[in-house]
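K.L.:
Sharing target_36.cif (mmCIF, C-alpha atoms) below.
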data_run
#
loop_
_atom_site.label_atom_id
_atom_site.label_comp_id
_atom_site.auth_asym_id
_atom_site.auth_seq_id
_atom_site.Cartn_x
_atom_site.Cartn_y
_atom_site.Cartn_z
CA MET A 6 0.51 -242.88 32.18
CA PRO A 7 3.38 -245.42 31.92
CA TYR A 8 2.77 -248.76 33.56
CA CYS A 9 5.35 -251.31 32.38
CA LEU A 10 9.01 -251.55 31.48
CA TYR A 11 10.62 -254.88 30.59
CA ASN A 12 14.04 -255.81 29.25
CA LYS A 13 13.55 -258.91 27.10
CA GLY A 14 16.57 -260.19 25.21
CA ASN A 15 17.81 -257.47 22.89
CA TYR A 16 14.80 -255.21 23.46
CA ILE A 17 13.23 -252.95 26.03
CA ILE A 18 9.45 -252.56 25.91
CA THR A 19 7.53 -249.79 27.61
CA SER A 20 3.77 -249.44 27.70
CA PHE A 21 1.44 -246.64 28.68
CA PHE A 22 -2.22 -245.62 28.52
CA GLN A 23 -4.36 -242.49 28.51
CA ASN A 24 -5.38 -241.36 31.98
CA PRO A 25 -9.06 -242.16 32.47
CA GLU A 26 -11.42 -239.25 33.03
CA TRP A 27 -12.87 -238.77 36.48
CA ARG A 28 -11.03 -241.75 37.95
CA GLY A 29 -12.86 -244.18 35.71
CA PRO A 30 -11.54 -247.61 34.77
CA VAL A 31 -8.55 -247.83 32.49
CA GLU A 32 -9.49 -248.89 28.97
CA GLY A 33 -7.44 -249.48 25.84
CA PRO A 34 -5.83 -248.85 23.60
CA TYR A 35 -2.57 -249.59 25.38
CA TYR A 36 0.37 -247.94 23.67
CA TYR A 37 3.85 -249.45 23.49
CA ASP A 38 7.34 -248.60 22.34
CA ILE A 39 10.04 -251.19 21.68
CA ILE A 40 13.63 -250.02 21.57
CA ASN A 41 16.86 -251.96 21.08
CA LEU A 42 19.70 -251.89 23.58
CA GLN A 43 21.33 -249.06 21.63
CA GLY A 44 18.28 -246.88 22.34
CA GLU A 45 16.87 -246.93 18.80
CA LEU A 46 13.10 -247.17 18.30
CA VAL A 47 12.26 -250.52 16.69
CA SER A 48 8.46 -250.54 16.87
CA SER A 49 5.66 -248.44 18.27
CA GLY A 50 1.93 -249.04 18.28
CA THR A 51 -1.14 -250.08 20.25
CA LEU A 52 -2.46 -253.24 21.83
CA ASP A 53 -6.05 -254.00 22.77
CA TYR A 54 -5.00 -255.67 26.02
CA PRO A 55 -2.56 -254.48 28.68
CA ILE A 56 0.83 -256.09 29.29
CA ILE A 57 0.89 -257.09 32.96
CA THR A 58 3.84 -259.39 33.54
CA GLU A 59 6.74 -261.33 32.03
CA ASP A 60 8.40 -264.71 32.42
CA ASN A 61 12.07 -265.59 32.79
CA CYS A 62 12.36 -266.46 29.11
CA GLU A 63 11.03 -264.56 26.10
CA LYS A 64 7.35 -263.99 26.88
CA ILE A 65 5.37 -261.05 28.11
CA PHE A 66 1.75 -261.60 29.10
CA LEU A 67 -1.38 -259.73 28.13
CA PHE A 68 -4.35 -259.58 30.50
CA VAL A 69 -7.63 -260.54 28.82
CA LYS A 70 -10.90 -260.10 30.70
CA ILE A 71 -14.19 -261.32 29.28
CA GLU A 72 -17.22 -259.89 31.06
CA GLY A 73 -19.57 -262.61 32.26
CA GLY A 74 -22.92 -260.88 32.43
CA TRP A 75 -25.73 -261.21 34.93
CA PHE A 76 -25.47 -264.89 35.79
CA GLU A 77 -21.97 -265.74 34.63
CA ASP A 78 -18.62 -265.04 36.22
CA ASP A 79 -16.07 -262.91 34.44
CA GLU A 80 -13.30 -264.89 32.76
CA VAL A 81 -9.69 -263.76 32.92
CA PHE A 82 -6.72 -265.05 30.92
CA LEU A 83 -3.01 -264.41 30.59
CA VAL A 84 -1.92 -264.74 26.97
CA GLY A 85 1.81 -265.04 26.37
CA VAL A 86 3.37 -263.31 23.37
CA THR A 87 6.90 -262.50 22.32
CA ILE A 88 8.31 -259.09 21.51
CA GLU A 89 9.37 -260.52 18.14
CA ASP A 90 5.71 -261.31 17.36
CA ILE A 91 4.69 -257.76 18.31
CA ILE A 92 7.42 -256.34 16.06
CA LYS A 93 6.29 -258.59 13.17
CA GLY A 94 2.72 -257.34 13.59
CA VAL A 95 1.15 -260.75 14.18
CA ILE A 96 -0.36 -259.79 17.55
CA SER A 97 -3.85 -258.33 17.23
CA LYS A 98 -7.15 -258.44 19.09
CA GLY A 99 -8.25 -261.20 16.71
CA SER A 100 -5.15 -263.35 17.29
CA ILE A 101 -5.45 -262.96 21.07
CA ASP A 102 -9.17 -263.76 21.01
CA GLU A 103 -8.42 -266.86 18.90
CA SER A 104 -5.84 -268.00 21.47
CA VAL A 105 -8.39 -267.63 24.25
CA ALA A 106 -11.05 -269.51 22.23
CA ARG A 107 -8.61 -272.38 21.51
CA PHE A 108 -7.76 -272.59 25.22
CA LYS A 109 -11.45 -272.69 26.19
CA GLU A 110 -12.09 -275.50 23.69
CA GLY A 111 -9.54 -277.62 25.48
#
What do you get writing this file as structure tokens?
P.N.:
Amino acid sequence: MPYCLYNKGNYIITSFFQNPEWRGPVEGPYYYDIINLQGELVSSGTLDYPIITEDNCEKIFLFVKIEGGWFEDDEVFLVGVTIEDIIKGVISKGSIDESVARFKEG
């Protein structure tokens, strides 16, 4: 099911996910395609976190939710990345988790 379409600079990014079974929660992986303005595919792959918004500059934002457990609240984060970083392959679950950990450290 498609859920996002953003025009960022010289690229258009679309993202989609598998429909959950029996109306269950949506879980990754989250698939994406990046095309240039001429309509040529530049990059295609998966992300561990969904893209949920963009800014007025070059960033798109991934939604990261960390389950809290019995006595802790869930934590949610928006992690900004660029389409160039996705194309270069430097965005991964590990790099996003490191960004969240650095933010939590202060």
K.L.:
Can you translate the PyMOL selection byres ((chain A and resi 61) around 12) into the concrete residues it hits in this file, as a PyMOL selection string?
P.N.:
chain A and resi 11-14+58-60+62-66
K.L.:
Identify which of the residues A:Glu72, A:Tyr54, A:Leu10, A:Phe21 lies closest to Lys98 of chain A, counting only C-alpha atoms when measuring atom-to-atom distances.
P.N.:
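Counting only C-alpha atoms, the residue closest to Lys98 of chain A is A:Tyr54.
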K.L.:
Report, as AutoDock Vina command-line options, the centre and edge lengths in Å (one decimal) of the axis-aligned box enclosing every listed atom of segment 83-99 of chain A, padded by 5 Å on each side.
P.N.:
--center_x 0.6 --center_y -260.7 --center_z 21.9 --size_x 27.6 --size_y 18.7 --size_z 27.4
K.L.:
Selection in question (the file shown): the PyMOL selection byres ((chain A and resi 90) around 12). Which residues does it include, as an MDAnalysis selection string?
P.N.:
chainID A and resid 39 48 63:65 85:89 91:97 100:101
K.L.:
Measuring between all atoms listed in the file, which one of A:Glu110, A:Asp38, A:Glu45, A:Glu32 shows the shortest distance to Phe68 of chain A?
P.N.:
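Between A:Glu110, A:Asp38, A:Glu45, A:Glu32, the residue approaching Phe68 of chain A most closely is A:Glu32.
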K.L.:
Add whatever atoms are absent from segment 83-103 of chain A to reach N, CA, C and O atoms, and provide the output as a short mmCIF file (atom, residue, chain, number, x, y, z; two decimals), in the frame of the given file.
P.N.:
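Writing the result to result_14.cif gives the following:
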data_model
loop_
_atom_site.label_atom_id
_atom_site.label_comp_id
_atom_site.auth_asym_id
_atom_site.auth_seq_id
_atom_site.Cartn_x
_atom_site.Cartn_y
_atom_site.Cartn_z
N LEU A 83 -4.32 -264.96 30.92
CA LEU A 83 -3.01 -264.41 30.59
C LEU A 83 -2.59 -265.05 29.28
O LEU A 83 -2.55 -266.27 29.17
N VAL A 84 -2.31 -264.23 28.29
CA VAL A 84 -1.92 -264.74 26.97
C VAL A 84 -0.48 -264.31 26.73
O VAL A 84 -0.17 -263.12 26.69
N GLY A 85 0.40 -265.30 26.59
CA GLY A 85 1.81 -265.04 26.37
C GLY A 85 2.12 -264.74 24.92
O GLY A 85 1.64 -265.43 24.02
N VAL A 86 2.90 -263.69 24.70
CA VAL A 86 3.37 -263.31 23.37
C VAL A 86 4.85 -262.95 23.46
O VAL A 86 5.36 -262.72 24.55
N THR A 87 5.51 -262.91 22.33
CA THR A 87 6.90 -262.50 22.32
C THR A 87 7.01 -261.09 21.73
O THR A 87 6.14 -260.65 20.97
N ILE A 88 8.07 -260.42 22.08
CA ILE A 88 8.31 -259.09 21.51
C ILE A 88 8.52 -259.21 20.01
O ILE A 88 8.08 -258.36 19.23
N GLU A 89 9.17 -260.30 19.58
CA GLU A 89 9.37 -260.52 18.14
C GLU A 89 8.04 -260.57 17.40
O GLU A 89 7.90 -260.02 16.31
N ASP A 90 7.04 -261.24 18.00
CA ASP A 90 5.71 -261.31 17.36
C ASP A 90 5.05 -259.93 17.30
O ASP A 90 4.37 -259.61 16.32
N ILE A 91 5.24 -259.12 18.34
CA ILE A 91 4.69 -257.76 18.31
C ILE A 91 5.36 -256.97 17.19
O ILE A 91 4.69 -256.28 16.42
N ILE A 92 6.68 -257.07 17.09
CA ILE A 92 7.42 -256.34 16.06
C ILE A 92 6.95 -256.77 14.67
O ILE A 92 6.77 -255.93 13.77
N LYS A 93 6.73 -258.07 14.48
CA LYS A 93 6.29 -258.59 13.17
C LYS A 93 4.85 -258.21 12.85
O LYS A 93 4.40 -258.38 11.72
N GLY A 94 4.09 -257.75 13.83
CA GLY A 94 2.72 -257.34 13.59
C GLY A 94 1.71 -258.48 13.60
O GLY A 94 0.61 -258.32 13.09
N VAL A 95 2.07 -259.62 14.18
CA VAL A 95 1.15 -260.75 14.18
C VAL A 95 0.26 -260.79 15.43
O VAL A 95 -0.62 -261.63 15.53
N ILE A 96 0.47 -259.85 16.35
CA ILE A 96 -0.36 -259.79 17.55
C ILE A 96 -1.46 -258.76 17.31
O ILE A 96 -1.20 -257.59 17.05
N SER A 97 -2.70 -259.21 17.41
CA SER A 97 -3.85 -258.33 17.23
C SER A 97 -4.96 -258.80 18.17
O SER A 97 -4.85 -259.87 18.78
N LYS A 98 -6.01 -258.03 18.27
CA LYS A 98 -7.15 -258.44 19.09
C LYS A 98 -7.68 -259.79 18.59
O LYS A 98 -7.97 -260.68 19.38
N GLY A 99 -7.76 -259.95 17.28
CA GLY A 99 -8.25 -261.20 16.71
C GLY A 99 -7.37 -262.39 17.06
O GLY A 99 -7.87 -263.45 17.43
N SER A 100 -6.04 -262.23 16.98
CA SER A 100 -5.15 -263.35 17.29
C SER A 100 -5.20 -263.71 18.77
O SER A 100 -5.14 -264.88 19.14
N ILE A 101 -5.34 -262.70 19.63
CA ILE A 101 -5.45 -262.96 21.07
C ILE A 101 -6.77 -263.64 21.37
O ILE A 101 -6.83 -264.63 22.12
N ASP A 102 -7.86 -263.15 20.80
CA ASP A 102 -9.17 -263.76 21.01
C ASP A 102 -9.20 -265.21 20.51
O ASP A 102 -9.82 -266.08 21.13
N GLU A 103 -8.52 -265.48 19.40
CA GLU A 103 -8.42 -266.86 18.90
C GLU A 103 -7.66 -267.74 19.87
O GLU A 103 -8.04 -268.90 20.10
#
